[in-house]
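Data from data_27.txt: compact mmCIF, C-alpha atoms
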```txt
# COMPACT_ATOMS: atom_id res chain seq x y z
CA MET V 367 103.16 90.98 76.36
CA HIS V 368 103.50 92.70 79.71
CA SER V 369 102.63 96.15 78.40
CA GLU V 370 99.27 96.07 80.18
CA ASN V 371 101.10 96.14 83.49
CA PHE V 372 102.65 99.45 82.53
CA GLN V 373 99.60 101.04 80.92
CA PHE V 374 100.08 104.04 83.21
CA ARG V 375 103.72 104.66 82.27
CA GLU V 376 102.87 107.83 80.39
CA LEU V 377 101.32 109.45 83.44
CA LEU V 378 104.28 108.34 85.55
CA LEU V 379 106.76 109.98 83.25
CA GLU V 380 104.93 113.30 83.11
CA ARG V 381 107.10 114.68 85.90
CA PRO V 382 110.24 112.50 86.05
CA GLY V 383 112.67 112.86 88.90
CA ARG V 384 110.31 114.41 91.41
CA ALA V 385 111.17 113.64 95.01
CA ALA V 386 108.82 111.69 97.26
CA ARG V 387 106.65 113.55 99.72
CA PRO V 388 108.55 115.22 102.60
CA ALA V 389 108.68 113.45 105.94
CA GLY V 390 107.08 116.21 108.01
CA GLY V 391 104.38 118.83 107.68
CA MET V 392 100.85 118.72 106.27
CA THR V 393 101.35 118.07 102.56
CA ALA V 394 98.58 118.01 99.98
CA SER V 395 98.86 114.21 99.90
CA ARG V 396 98.45 113.93 103.66
CA ALA V 397 95.48 116.30 103.66
CA PHE V 398 93.92 114.20 100.90
CA ASP V 399 94.57 111.04 102.93
CA ILE V 400 92.74 112.40 105.98
CA PHE V 401 89.80 113.73 103.98
CA ALA V 402 89.41 110.63 101.80
CA ALA V 403 89.80 108.13 104.66
CA SER V 404 87.31 110.00 106.84
CA ALA V 405 84.76 110.24 104.02
CA CYS V 406 85.14 106.56 103.16
CA LEU V 407 84.71 105.48 106.79
CA ILE V 408 81.51 107.50 107.13
CA PHE V 409 80.08 106.28 103.84
CA LEU V 410 81.14 102.64 104.31
CA ALA V 411 80.29 102.33 108.01
CA PRO V 412 77.12 100.22 107.40
CA LEU V 413 79.01 97.86 105.09
CA MET V 414 81.90 97.49 107.53
CA LEU V 415 79.48 96.78 110.37
CA GLY V 416 77.76 94.13 108.25
CA ILE V 417 81.08 92.44 107.43
CA THR V 418 82.01 92.49 111.12
CA LEU V 419 78.77 90.73 112.06
CA MET V 420 79.17 88.16 109.26
CA ILE V 421 82.65 87.19 110.44
CA LEU V 422 81.45 86.88 114.02
CA VAL V 423 78.49 84.68 113.01
CA VAL V 424 79.97 82.62 110.15
CA ASP V 425 83.59 82.15 111.21
CA ARG V 426 83.13 82.69 114.95
CA ALA V 427 86.39 84.60 115.11
CA PRO V 428 87.55 88.13 115.97
CA PRO V 429 86.63 90.25 112.91
CA LEU V 430 89.79 92.36 112.82
CA PHE V 431 93.33 91.16 112.36
CA GLY V 432 96.47 93.25 112.74
CA HIS V 433 99.52 91.94 110.88
CA THR V 434 102.97 93.44 111.39
CA ARG V 435 104.12 95.28 108.26
CA VAL V 436 107.02 97.54 107.34
CA GLY V 437 106.14 101.21 106.96
CA ARG V 438 107.89 104.43 106.01
CA ASP V 439 111.50 104.69 107.18
CA GLY V 440 111.40 100.96 107.93
CA VAL V 441 109.20 101.43 111.02
CA THR V 442 106.83 98.52 111.62
CA PHE V 443 103.12 98.88 112.37
CA LYS V 444 99.99 96.74 112.67
CA CYS V 445 98.23 96.70 109.30
CA LEU V 446 94.52 96.15 109.88
CA LYS V 447 92.32 93.83 107.84
CA PHE V 448 89.04 92.03 108.18
CA ARG V 449 89.93 88.48 109.14
CA SER V 450 89.94 86.21 106.11
CA MET V 451 91.98 83.30 107.47
CA ARG V 452 91.52 80.59 110.04
CA LEU V 453 92.65 81.32 113.57
CA ASN V 454 95.56 78.86 113.25
CA ALA V 455 96.58 80.09 109.81
CA ASP V 456 100.35 80.05 110.45
CA GLU V 457 100.24 76.39 111.46
CA HIS V 458 98.31 75.49 108.30
CA LEU V 459 100.82 77.34 106.14
CA ARG V 460 103.81 75.74 107.82
CA ALA V 461 102.35 72.25 107.39
CA LEU V 462 101.48 72.87 103.74
CA LEU V 463 104.94 74.18 102.83
CA GLU V 464 106.58 71.21 104.54
CA ARG V 465 104.60 68.62 102.58
CA ASP V 466 104.12 70.39 99.23
CA GLU V 467 107.30 71.40 97.41
CA ASN V 468 105.43 73.19 94.61
CA ALA V 469 103.59 75.32 97.14
CA ARG V 470 106.86 76.08 98.92
CA LEU V 471 108.56 77.18 95.69
CA TRP V 472 105.59 79.35 94.75
CA TRP V 473 105.58 80.93 98.24
CA GLU V 474 109.30 81.70 97.96
CA ARG V 475 108.76 83.44 94.60
CA GLN V 476 105.54 85.36 95.25
CA HIS V 477 105.07 85.26 99.04
CA LYS V 478 101.48 84.14 98.44
CA LEU V 479 99.64 81.06 97.20
CA PRO V 480 97.15 80.78 94.30
CA GLU V 481 95.04 78.33 96.33
CA ASP V 482 95.58 79.20 99.98
CA PRO V 483 94.06 76.61 102.37
CA ARG V 484 94.23 79.11 105.23
CA ILE V 485 91.54 81.33 103.73
CA THR V 486 87.93 80.77 104.80
CA ARG V 487 85.02 80.77 102.32
CA LEU V 488 83.88 84.16 103.57
CA GLY V 489 87.48 85.36 103.58
CA ASN V 490 87.87 84.35 99.93
CA LEU V 491 84.90 86.55 99.03
CA LEU V 492 86.29 89.47 101.02
CA ARG V 493 89.69 89.16 99.36
CA ARG V 494 88.36 88.91 95.81
CA SER V 495 86.32 92.06 96.37
CA SER V 496 89.16 93.77 98.32
CA LEU V 497 86.68 94.41 101.15
CA ASP V 498 89.10 92.82 103.61
CA GLU V 499 91.30 95.92 103.28
CA LEU V 500 88.69 98.46 104.40
CA PRO V 501 89.99 98.62 108.02
CA GLN V 502 93.25 100.04 106.64
CA LEU V 503 91.39 103.34 106.43
CA PHE V 504 92.10 103.57 110.16
CA ASN V 505 95.80 103.03 109.41
CA VAL V 506 95.59 106.00 107.04
CA LEU V 507 94.05 108.23 109.71
CA ARG V 508 96.77 107.20 112.15
CA GLY V 509 99.43 108.23 109.64
CA GLU V 510 100.82 104.72 109.17
CA MET V 511 99.54 104.38 105.61
CA SER V 512 98.36 106.52 102.71
CA MET V 513 95.45 106.10 100.33
CA VAL V 514 98.03 105.58 97.55
CA GLY V 515 101.50 104.05 97.80
CA PRO V 516 103.39 100.74 97.68
CA ARG V 517 101.53 97.86 99.29
CA PRO V 518 102.80 97.26 102.86
CA ILE V 519 105.23 94.37 103.02
CA VAL V 520 106.32 91.99 105.79
CA ALA V 521 109.93 91.86 106.97
CA ALA V 522 110.57 88.64 105.03
CA GLU V 523 109.90 90.49 101.77
CA ILE V 524 112.64 93.08 102.27
CA VAL V 525 115.19 90.78 100.66
CA LYS V 526 113.08 90.73 97.48
CA TYR V 527 113.51 94.50 97.18
CA GLY V 528 117.27 94.32 97.63
CA ARG V 529 118.92 97.70 97.05
CA TYR V 530 115.56 99.15 96.06
CA PHE V 531 114.20 98.80 99.59
CA GLU V 532 115.31 102.37 100.28
CA TYR V 533 112.73 103.58 97.75
CA TYR V 534 109.99 101.67 99.54
CA CYS V 535 110.96 103.35 102.82
CA ARG V 536 110.65 106.88 101.42
CA VAL V 537 106.84 106.93 101.43
CA ARG V 538 103.98 105.54 103.45
CA PRO V 539 102.62 102.24 102.13
CA GLY V 540 99.21 102.62 100.51
CA ILE V 541 95.81 100.99 100.31
CA SER V 542 96.01 101.32 96.54
CA GLY V 543 98.87 101.80 94.12
CA LEU V 544 100.26 100.93 90.71
CA TRP V 545 100.38 97.24 91.57
CA GLN V 546 96.69 97.13 92.49
CA ILE V 547 95.55 98.74 89.25
CA SER V 548 97.97 96.80 87.05
CA GLY V 549 97.11 93.18 87.65
CA ARG V 550 98.07 92.39 91.27
CA SER V 551 98.30 88.60 91.44
CA HIS V 552 98.98 88.41 87.69
CA THR V 553 102.07 90.56 88.11
CA SER V 554 105.47 89.12 89.05
CA TYR V 555 107.10 90.28 92.26
CA ARG V 556 110.01 91.73 90.33
CA ARG V 557 107.62 93.87 88.29
CA ARG V 558 105.84 94.88 91.48
CA VAL V 559 109.13 96.18 92.90
CA ALA V 560 109.76 98.06 89.64
CA MET V 561 106.35 99.70 89.91
CA ASP V 562 107.09 100.81 93.48
CA VAL V 563 110.41 102.36 92.40
CA ILE V 564 108.78 104.16 89.46
CA TYR V 565 106.02 105.44 91.73
CA VAL V 566 108.42 106.86 94.31
CA ARG V 567 110.70 108.44 91.70
CA SER V 568 107.73 110.05 89.92
CA HIS V 569 105.53 110.83 92.91
CA THR V 570 103.29 113.86 92.85
CA PHE V 571 99.95 114.64 94.44
CA TRP V 572 98.33 114.52 91.00
CA LEU V 573 99.71 111.04 90.42
CA ASP V 574 98.04 109.93 93.64
CA LEU V 575 94.72 111.35 92.45
CA LYS V 576 95.02 109.53 89.11
CA ILE V 577 95.78 106.20 90.78
CA ALA V 578 92.94 106.71 93.27
CA ALA V 579 90.53 107.39 90.40
CA LEU V 580 91.60 104.16 88.66
CA THR V 581 91.29 102.06 91.81
CA LEU V 582 87.50 101.63 91.87
CA PRO V 583 87.29 100.26 88.29
CA ALA V 584 90.12 97.83 89.07
CA VAL V 585 88.31 96.61 92.21
CA VAL V 586 84.95 96.31 90.45
CA LEU V 587 86.56 94.29 87.67
CA GLN V 588 88.49 92.29 90.30
CA ARG V 589 91.60 92.78 88.17
CA GLY V 590 94.10 90.27 89.49
CA SER V 591 92.66 90.24 93.01
CA GLN V 592 92.73 87.20 95.25
```
Take the structure from the file and write it as structure tokens.
Amino acid sequence: MHSENFQFRELLLERPGRAARPAGGMTASRAFDIFAASACLIFLAPLMLGITLMILVVDRAPPLFGHTRVGRDGVTFKCLKFRSMRLNADEHLRALLERDENARLWWERQHKLPEDPRITRLGNLLRRSSLDELPQLFNVLRGEMSMVGPRPIVAAEIVKYGRYFEYYCRVRPGISGLWQISGRSHTSYRRRVAMDVIYVRSHTFWLDLKIAALTLPAVVLQRGSQ
């Protein structure tokens, strides 16, 4: 029943056992990151400006939000997003988890909520369309992220990776990846970790290109986004 989440297994196993990208030097993947991120920023500049103005007018809040995430080699960085939550989001989450046991249990399993009261109406639209992640293109240019890789996690999620956390640390986290094109919110966290391990073990530049090519259809179809 979960075969759809591994519909790309055949392309992953084309080159089994390949090592992840080297830590230093200008690799093909890094060159692709710089080119793709720069091109996207130029092409999407009007859209990003429009979203910035909408957040300022509708939500009356700073349009960009930097959240601390774990990057390659376990180094933390500020992952940029268009603001989709209320300014006092942490307080709302804490209050909800204290009074709602079901929400607390769901948060402990998935580290997200199906109906998150912290998200604004505009923020919900941005998340469903994945437009909230566009500022991460700047993270790519700064070398903190890649166009393709595991989704960046927060420190509290390290325990969910267990002994597989070392695989996560081998590559830069990505804007897109196997999880994004395989169901996202409809995929269990355990399966998400498995996808990250498979990606790192099988990583090649061509695999990145294949995942990048499958990202747009997944976003357009809003496959598992939230």
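Here CA of Ser404 in chain V and CA of Asp439 in chain V stand 24.8 Å from one another.
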Note to self: Using Å and a single decimal, report how far CA of Thr434 in chain V sits from CA of Lys447 in chain V.
What the structure shows: 11.2 Å
Notebook entry, point to check: Counting all atoms listed in the file, what is within 12 Å of Arg396 in chain V, bar same-chain residues fewer than 6 positions away, as a PyMOL selection string?
Noted result: chain V and resi 387-390+402-403+506-515+537-538+540+570-571+574
Next item on the list: Would you mind listing what lies within 8 Å of Thr581 in chain V as a ChimeraX atom specification, with all atoms listed in the file counted and same-chain residues fewer than 2 positions away left out?
Entry: /V:542-543,546-547,577-579,583-585
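Distance annotation: of V:Leu413, V:Ile564, V:Met451, V:Ile408, the residue with the minimal separation from Leu488 in chain V is V:Met451; atom set is all atoms listed in the file.
Summary of the local environment: counting only C-alpha atoms, residues at most 8 Å from Arg449 in chain V, other than itself and those fewer than 5 positions away along its chain, are Ile421, Ala427, Pro428, Pro429, Leu430, Phe431, Gly489 and Asp498 of chain V.
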Next item on the list: May I ask which of the residues V:Tyr565, V:Tyr527, V:Tyr534, V:Trp572 is the closest one to Ala394 in chain V, counting only C-alpha atoms?
Entry: V:Trp572
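With distances taken over all atoms listed in the file, V:Val436 is the one residue among V:Leu410, V:Ile541, V:Val436, V:Cys445 lying closest to Ile519 in chain V.
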Checklist line | Which residue of V:Gly437, V:Pro483, V:Gly416, V:Gly432 approaches Tyr533 in chain V most closely, using only C-alpha atoms | finding: V:Gly437
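Once Arg426 in chain V and its same-chain neighbours fewer than 4 positions away are set aside, Leu419, Met420, Ile421, Leu422, Arg452 and Leu453 of chain V remain within 10 Å of it when counting all atoms listed in the file.
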Item checked: Coordinates-based distance that separates CA of Thr553 in chain V from CA of Leu575 in chain V (Å, one decimal) -> 22.5 Å
